[in-house]
$ cat structure.cif   # mmCIF, C-alpha atoms
data_input
#
loop_
_atom_site.label_atom_id
_atom_site.label_comp_id
_atom_site.auth_asym_id
_atom_site.auth_seq_id
_atom_site.Cartn_x
_atom_site.Cartn_y
_atom_site.Cartn_z
CA MET A 1 79.20 55.78 33.44
CA ARG A 2 77.88 55.30 29.90
CA LYS A 3 78.73 58.92 29.09
CA LEU A 4 82.32 58.38 30.24
CA GLY A 5 82.57 55.24 28.12
CA LEU A 6 81.35 57.11 25.05
CA ALA A 7 83.83 59.92 25.71
CA VAL A 8 86.72 57.47 25.96
CA TYR A 9 85.57 55.66 22.82
CA GLY A 10 85.44 59.01 21.00
CA ARG A 11 89.00 59.80 22.08
CA TRP A 12 90.14 56.41 20.81
CA LEU A 13 88.49 57.09 17.45
CA ASP A 14 90.25 60.45 17.26
CA ALA A 15 93.68 59.07 18.17
CA TRP A 16 93.94 55.64 16.55
CA ARG A 17 95.46 56.79 13.23
CA GLU A 18 98.18 58.81 14.95
CA VAL A 19 98.86 56.00 17.40
CA ALA A 20 99.12 53.46 14.57
CA ALA A 21 101.37 55.78 12.53
CA GLY A 22 103.55 56.46 15.58
CA THR A 23 103.85 52.75 16.31
CA LEU A 24 104.87 51.94 12.73
CA ALA A 25 107.25 54.92 12.55
CA ALA A 26 108.95 53.87 15.79
CA LEU A 27 109.41 50.35 14.45
CA LEU A 28 110.70 51.61 11.10
CA ALA A 29 113.14 54.06 12.75
CA TRP A 30 114.42 51.26 15.00
CA VAL A 31 114.96 48.92 12.05
CA ILE A 32 116.74 51.60 9.97
CA ALA A 33 119.01 52.68 12.83
CA GLN A 34 119.82 49.08 13.70
CA ASN A 35 120.27 47.60 10.22
CA VAL A 36 121.61 50.58 8.25
CA PHE A 37 123.64 52.37 10.93
CA GLY A 38 124.51 49.37 13.10
CA HIS A 39 123.15 50.78 16.36
CA PRO A 40 122.53 47.78 18.62
CA ASN A 41 119.81 49.44 20.73
CA PRO A 42 118.43 52.47 18.84
CA MET A 43 115.90 53.51 21.46
CA PHE A 44 116.26 57.22 20.66
CA ALA A 45 115.37 56.72 16.99
CA ALA A 46 112.14 54.97 17.98
CA VAL A 47 111.30 57.50 20.70
CA ILE A 48 111.77 60.50 18.40
CA ALA A 49 109.64 58.93 15.64
CA LEU A 50 106.91 58.27 18.18
CA VAL A 51 107.07 61.78 19.64
CA CYS A 52 106.81 63.26 16.12
CA LEU A 53 103.45 61.57 15.61
CA ALA A 54 101.86 61.77 19.05
CA PRO A 55 98.10 62.36 19.01
CA GLY A 56 97.16 66.03 18.93
CA ILE A 57 100.37 67.35 17.36
CA PRO A 58 99.29 70.15 15.01
CA SER A 59 102.34 69.93 12.68
CA TYR A 60 104.37 66.75 12.39
CA ARG A 61 107.08 68.49 10.36
CA LYS A 62 107.45 71.29 12.90
CA GLN A 63 107.52 68.74 15.73
CA ALA A 64 110.28 66.76 13.98
CA TRP A 65 112.34 69.89 13.33
CA GLY A 66 111.86 71.03 16.94
CA LEU A 67 113.04 67.67 18.27
CA VAL A 68 116.21 67.76 16.16
CA LEU A 69 116.95 71.37 17.11
CA GLY A 70 116.34 70.74 20.81
CA VAL A 71 118.52 67.64 20.95
CA ALA A 72 121.32 69.31 18.98
CA THR A 73 121.22 72.33 21.30
CA GLY A 74 121.32 70.12 24.39
CA ILE A 75 124.21 68.03 23.10
CA ALA A 76 126.23 71.13 22.13
CA VAL A 77 125.68 72.79 25.50
CA SER A 78 126.51 69.52 27.27
CA GLU A 79 129.92 69.49 25.64
CA LEU A 80 130.56 72.94 27.15
CA ALA A 81 129.15 71.87 30.51
CA LEU A 82 131.56 68.94 30.64
CA LEU A 83 134.40 71.47 30.86
CA LEU A 84 133.16 72.66 34.26
CA PRO A 85 134.88 71.17 37.32
CA HIS A 86 131.91 70.01 39.41
CA PRO A 87 128.93 67.78 38.44
CA VAL A 88 126.38 70.10 40.07
CA LEU A 89 127.79 73.09 38.18
CA ARG A 90 127.67 71.08 34.96
CA MET A 91 124.03 70.23 35.47
CA VAL A 92 122.90 73.72 36.52
CA PHE A 93 124.82 75.38 33.69
CA GLY A 94 123.79 72.78 31.12
CA LEU A 95 120.10 72.76 31.94
CA PHE A 96 119.74 76.51 32.24
CA VAL A 97 121.77 77.48 29.17
CA SER A 98 120.39 74.75 26.91
CA MET A 99 116.76 75.45 27.76
CA VAL A 100 117.13 79.23 27.46
CA ALA A 101 118.97 78.84 24.15
CA ALA A 102 116.36 76.39 22.84
CA SER A 103 113.53 78.71 23.91
CA SER A 104 114.97 81.42 21.68
CA PHE A 105 113.99 79.49 18.55
CA GLY A 106 110.29 80.07 19.28
CA LEU A 107 109.24 76.60 18.11
CA GLY A 108 107.21 75.45 21.08
CA PRO A 109 107.82 73.54 24.29
CA VAL A 110 109.29 70.40 22.71
CA VAL A 111 112.52 72.25 21.83
CA PRO A 112 113.61 73.36 25.33
CA ILE A 113 112.31 70.09 26.81
CA GLN A 114 114.51 68.07 24.43
CA ALA A 115 117.46 70.38 25.05
CA GLY A 116 117.17 69.85 28.81
CA VAL A 117 116.66 66.10 28.47
CA SER A 118 119.70 65.90 26.19
CA VAL A 119 121.84 67.65 28.79
CA LEU A 120 120.68 65.24 31.46
CA LEU A 121 121.35 62.23 29.25
CA VAL A 122 124.82 63.37 28.19
CA LEU A 123 125.83 64.28 31.73
CA THR A 124 124.43 61.02 33.11
CA LEU A 125 125.22 58.47 30.38
CA GLY A 126 128.22 60.21 28.85
CA PRO A 127 128.73 61.78 25.44
CA GLU A 128 129.67 58.42 23.89
CA THR A 129 126.19 57.04 24.55
CA ALA A 130 123.97 60.11 24.51
CA GLY A 131 125.89 62.46 22.24
CA TYR A 132 126.86 61.63 18.66
CA ILE A 133 125.04 58.27 18.51
CA ARG A 134 121.89 59.83 19.94
CA MET A 135 122.03 62.64 17.39
CA ILE A 136 122.14 60.13 14.53
CA ASP A 137 119.19 58.25 16.05
CA VAL A 138 117.31 61.53 16.46
CA LEU A 139 117.87 62.43 12.81
CA ILE A 140 116.65 58.98 11.74
CA GLY A 141 113.59 59.13 14.00
CA ALA A 142 112.73 62.68 12.96
CA ALA A 143 113.06 61.87 9.26
CA VAL A 144 110.89 58.77 9.59
CA GLY A 145 108.39 60.69 11.73
CA ALA A 146 108.20 63.57 9.26
CA VAL A 147 107.68 61.24 6.29
CA CYS A 148 105.04 59.21 8.13
CA GLY A 149 103.45 62.47 9.26
CA ARG A 150 103.15 63.55 5.65
CA PHE A 151 101.24 60.37 4.83
CA LEU A 152 99.13 60.73 7.95
CA SER A 153 98.23 64.31 7.05
CA ALA A 154 97.19 63.16 3.58
CA LEU A 155 94.98 60.44 5.09
CA LYS A 156 93.36 62.91 7.48
CA SER A 157 92.53 65.40 4.75
CA SER A 158 91.01 62.83 2.40
#

$ encode --input "structure.cif" --output "structure tokens"
Amino acid sequence: MRKLGLAVYGRWLDAWREVAAGTLAALLAWVIAQNVFGHPNPMFAAVIALVCLAPGIPSYRKQAWGLVLGVATGIAVSELALLLPHPVLRMVFGLFVSMVAASSFGLGPVVPIQAGVSVLLVLTLGPETAGYIRMIDVLIGAAVGAVCGRFLSALKSS
């Protein structure tokens, strides 16, 4: 049991800086999206900032870029999917095409995951909620995450 406790403590020591940076970045992205852009509930800005700085991410900048690219791909494909006549066809087309297209960028699993999630959100919540507004929040969150990641990388290397 003591060995397990030491292992968990070691993981906490390894992760605390990234967790703290992710927490602050999520808060900052929320505040910027809410106060500068007037988004009443900028959940996506906070989520993207947090995902940019999750523990174990090898490149915060690459993660941020992948998130933006994945979401943009998913939103674009969702707009096409909305032209199809049946909800099941929209979902099948949207998920398949967005994730295949996002995989072609070669930037890691976060890109097709975000593309697929974006399709699901647009088709479920509607483009008004999960389209344009979400893209702005994603850009805010990714920018905040990338900047905070830069500081975090500098702290880690010193």

$ residues_near_point --input "structure.cif" --point "(106.1, 68.9, 15.1)" --cutoff "9 Å" --atoms "all atoms listed in the file" --output "ChimeraX atom specification"
/A:51-53,57-67,107-108,110,146

$ atom_distance --input "structure.cif" --atom1 "atom CA of Leu125 of chain A" --atom2 "atom CA of Asn41 of chain A"
14.3 Å

$ resolve_selection --input "structure.cif" --expression "the PyMOL selection byres ((chain A and resi 98) around 12)" --output "PyMOL selection string"
chain A and resi 69-81+90-97+99-105+111-120

$ resolve_selection --input "structure.cif" --expression "the PyMOL selection byres ((chain A and resi 27) around 12)" --output "PyMOL selection string"
chain A and resi 20-26+28-35+42-50+140-141+144-145+148

$ atom_distance --input "structure.cif" --atom1 "atom CA of Trp16 of chain A" --atom2 "atom CA of Leu139 of chain A"
25.2 Å

$ closest_residue --input "structure.cif" --among "A:Leu82, A:Glu18, A:Ser153, A:Leu13" --to "Pro127 of chain A" --atoms "only C-alpha atoms"
A:Leu82

$ closest_residue --input "structure.cif" --among "A:Val19, A:Val88, A:Ala154, A:Val68" --to "Arg134 of chain A" --atoms "all atoms listed in the file"
A:Val68

$ closest_residue --input "structure.cif" --among "A:Met1, A:Leu83, A:Leu155, A:Ala15" --to "Ala54 of chain A" --atoms "only C-alpha atoms"
A:Ala15

$ decode --input "structure.cif" --residues "segment 40-70 of chain A" --atoms "N, CA and C atoms" --output "PDB file, in the first residue's frame"
ATOM      1  N   PRO A  40     -21.972  34.572 -23.057  1.00  0.00           N
ATOM      2  CA  PRO A  40     -22.493  34.412 -21.701  1.00  0.00           C
ATOM      3  C   PRO A  40     -22.016  33.143 -20.996  1.00  0.00           C
ATOM      4  N   ASN A  41     -21.736  32.091 -21.722  1.00  0.00           N
ATOM      5  CA  ASN A  41     -21.332  30.819 -21.125  1.00  0.00           C
ATOM      6  C   ASN A  41     -20.239  30.185 -21.989  1.00  0.00           C
ATOM      7  N   PRO A  42     -19.024  30.723 -21.945  1.00  0.00           N
ATOM      8  CA  PRO A  42     -17.959  30.297 -22.864  1.00  0.00           C
ATOM      9  C   PRO A  42     -17.250  28.999 -22.444  1.00  0.00           C
ATOM     10  N   MET A  43     -18.036  27.962 -22.293  1.00  0.00           N
ATOM     11  CA  MET A  43     -17.503  26.673 -21.866  1.00  0.00           C
ATOM     12  C   MET A  43     -16.411  26.166 -22.820  1.00  0.00           C
ATOM     13  N   PHE A  44     -16.617  26.331 -24.117  1.00  0.00           N
ATOM     14  CA  PHE A  44     -15.660  25.782 -25.078  1.00  0.00           C
ATOM     15  C   PHE A  44     -14.296  26.472 -24.991  1.00  0.00           C
ATOM     16  N   ALA A  45     -14.269  27.755 -24.687  1.00  0.00           N
ATOM     17  CA  ALA A  45     -12.992  28.452 -24.531  1.00  0.00           C
ATOM     18  C   ALA A  45     -12.203  27.842 -23.369  1.00  0.00           C
ATOM     19  N   ALA A  46     -12.890  27.615 -22.264  1.00  0.00           N
ATOM     20  CA  ALA A  46     -12.238  27.033 -21.086  1.00  0.00           C
ATOM     21  C   ALA A  46     -11.801  25.595 -21.349  1.00  0.00           C
ATOM     22  N   VAL A  47     -12.645  24.821 -21.996  1.00  0.00           N
ATOM     23  CA  VAL A  47     -12.319  23.413 -22.274  1.00  0.00           C
ATOM     24  C   VAL A  47     -11.091  23.319 -23.167  1.00  0.00           C
ATOM     25  N   ILE A  48     -11.045  24.110 -24.223  1.00  0.00           N
ATOM     26  CA  ILE A  48      -9.915  24.045 -25.153  1.00  0.00           C
ATOM     27  C   ILE A  48      -8.619  24.467 -24.461  1.00  0.00           C
ATOM     28  N   ALA A  49      -8.659  25.520 -23.658  1.00  0.00           N
ATOM     29  CA  ALA A  49      -7.458  25.942 -22.919  1.00  0.00           C
ATOM     30  C   ALA A  49      -6.968  24.822 -22.011  1.00  0.00           C
ATOM     31  N   LEU A  50      -7.896  24.155 -21.349  1.00  0.00           N
ATOM     32  CA  LEU A  50      -7.540  23.052 -20.464  1.00  0.00           C
ATOM     33  C   LEU A  50      -6.950  21.879 -21.238  1.00  0.00           C
ATOM     34  N   VAL A  51      -7.550  21.539 -22.362  1.00  0.00           N
ATOM     35  CA  VAL A  51      -7.063  20.413 -23.168  1.00  0.00           C
ATOM     36  C   VAL A  51      -5.680  20.715 -23.755  1.00  0.00           C
ATOM     37  N   CYS A  52      -5.405  21.978 -24.029  1.00  0.00           N
ATOM     38  CA  CYS A  52      -4.072  22.356 -24.538  1.00  0.00           C
ATOM     39  C   CYS A  52      -2.963  22.045 -23.541  1.00  0.00           C
ATOM     40  N   LEU A  53      -3.300  22.104 -22.258  1.00  0.00           N
ATOM     41  CA  LEU A  53      -2.270  22.012 -21.216  1.00  0.00           C
ATOM     42  C   LEU A  53      -2.402  20.767 -20.341  1.00  0.00           C
ATOM     43  N   ALA A  54      -3.108  19.773 -20.827  1.00  0.00           N
ATOM     44  CA  ALA A  54      -3.292  18.552 -20.042  1.00  0.00           C
ATOM     45  C   ALA A  54      -1.933  17.907 -19.733  1.00  0.00           C
ATOM     46  N   PRO A  55      -1.824  17.290 -18.568  1.00  0.00           N
ATOM     47  CA  PRO A  55      -0.556  16.631 -18.215  1.00  0.00           C
ATOM     48  C   PRO A  55      -0.149  15.590 -19.254  1.00  0.00           C
ATOM     49  N   GLY A  56       1.124  15.610 -19.606  1.00  0.00           N
ATOM     50  CA  GLY A  56       1.668  14.619 -20.532  1.00  0.00           C
ATOM     51  C   GLY A  56       1.647  15.033 -21.994  1.00  0.00           C
ATOM     52  N   ILE A  57       1.121  16.208 -22.311  1.00  0.00           N
ATOM     53  CA  ILE A  57       1.103  16.676 -23.697  1.00  0.00           C
ATOM     54  C   ILE A  57       2.543  17.058 -24.069  1.00  0.00           C
ATOM     55  N   PRO A  58       3.078  16.459 -25.137  1.00  0.00           N
ATOM     56  CA  PRO A  58       4.471  16.757 -25.482  1.00  0.00           C
ATOM     57  C   PRO A  58       4.681  18.150 -26.082  1.00  0.00           C
ATOM     58  N   SER A  59       3.698  18.694 -26.800  1.00  0.00           N
ATOM     59  CA  SER A  59       3.839  20.012 -27.418  1.00  0.00           C
ATOM     60  C   SER A  59       2.525  20.770 -27.253  1.00  0.00           C
ATOM     61  N   TYR A  60       2.547  21.793 -26.430  1.00  0.00           N
ATOM     62  CA  TYR A  60       1.338  22.576 -26.185  1.00  0.00           C
ATOM     63  C   TYR A  60       0.913  23.325 -27.448  1.00  0.00           C
ATOM     64  N   ARG A  61       1.882  23.848 -28.188  1.00  0.00           N
ATOM     65  CA  ARG A  61       1.583  24.576 -29.419  1.00  0.00           C
ATOM     66  C   ARG A  61       0.942  23.664 -30.453  1.00  0.00           C
ATOM     67  N   LYS A  62       1.491  22.487 -30.626  1.00  0.00           N
ATOM     68  CA  LYS A  62       0.938  21.518 -31.577  1.00  0.00           C
ATOM     69  C   LYS A  62      -0.453  21.061 -31.139  1.00  0.00           C
ATOM     70  N   GLN A  63      -0.650  20.884 -29.847  1.00  0.00           N
ATOM     71  CA  GLN A  63      -1.959  20.509 -29.325  1.00  0.00           C
ATOM     72  C   GLN A  63      -2.985  21.604 -29.617  1.00  0.00           C
ATOM     73  N   ALA A  64      -2.604  22.862 -29.382  1.00  0.00           N
ATOM     74  CA  ALA A  64      -3.515  23.985 -29.628  1.00  0.00           C
ATOM     75  C   ALA A  64      -3.877  24.054 -31.109  1.00  0.00           C
ATOM     76  N   TRP A  65      -2.884  23.954 -31.974  1.00  0.00           N
ATOM     77  CA  TRP A  65      -3.124  23.999 -33.410  1.00  0.00           C
ATOM     78  C   TRP A  65      -4.017  22.830 -33.836  1.00  0.00           C
ATOM     79  N   GLY A  66      -3.781  21.648 -33.310  1.00  0.00           N
ATOM     80  CA  GLY A  66      -4.591  20.476 -33.639  1.00  0.00           C
ATOM     81  C   GLY A  66      -6.037  20.643 -33.215  1.00  0.00           C
ATOM     82  N   LEU A  67      -6.253  21.239 -32.053  1.00  0.00           N
ATOM     83  CA  LEU A  67      -7.617  21.483 -31.577  1.00  0.00           C
ATOM     84  C   LEU A  67      -8.364  22.432 -32.510  1.00  0.00           C
ATOM     85  N   VAL A  68      -7.707  23.514 -32.901  1.00  0.00           N
ATOM     86  CA  VAL A  68      -8.335  24.491 -33.806  1.00  0.00           C
ATOM     87  C   VAL A  68      -8.650  23.837 -35.148  1.00  0.00           C
ATOM     88  N   LEU A  69      -7.700  23.109 -35.687  1.00  0.00           N
ATOM     89  CA  LEU A  69      -7.887  22.466 -36.990  1.00  0.00           C
ATOM     90  C   LEU A  69      -8.999  21.412 -36.933  1.00  0.00           C
ATOM     91  N   GLY A  70      -9.030  20.636 -35.875  1.00  0.00           N
ATOM     92  CA  GLY A  70     -10.064  19.616 -35.730  1.00  0.00           C
ATOM     93  C   GLY A  70     -11.455  20.208 -35.611  1.00  0.00           C
TER      94      GLY A  70
END
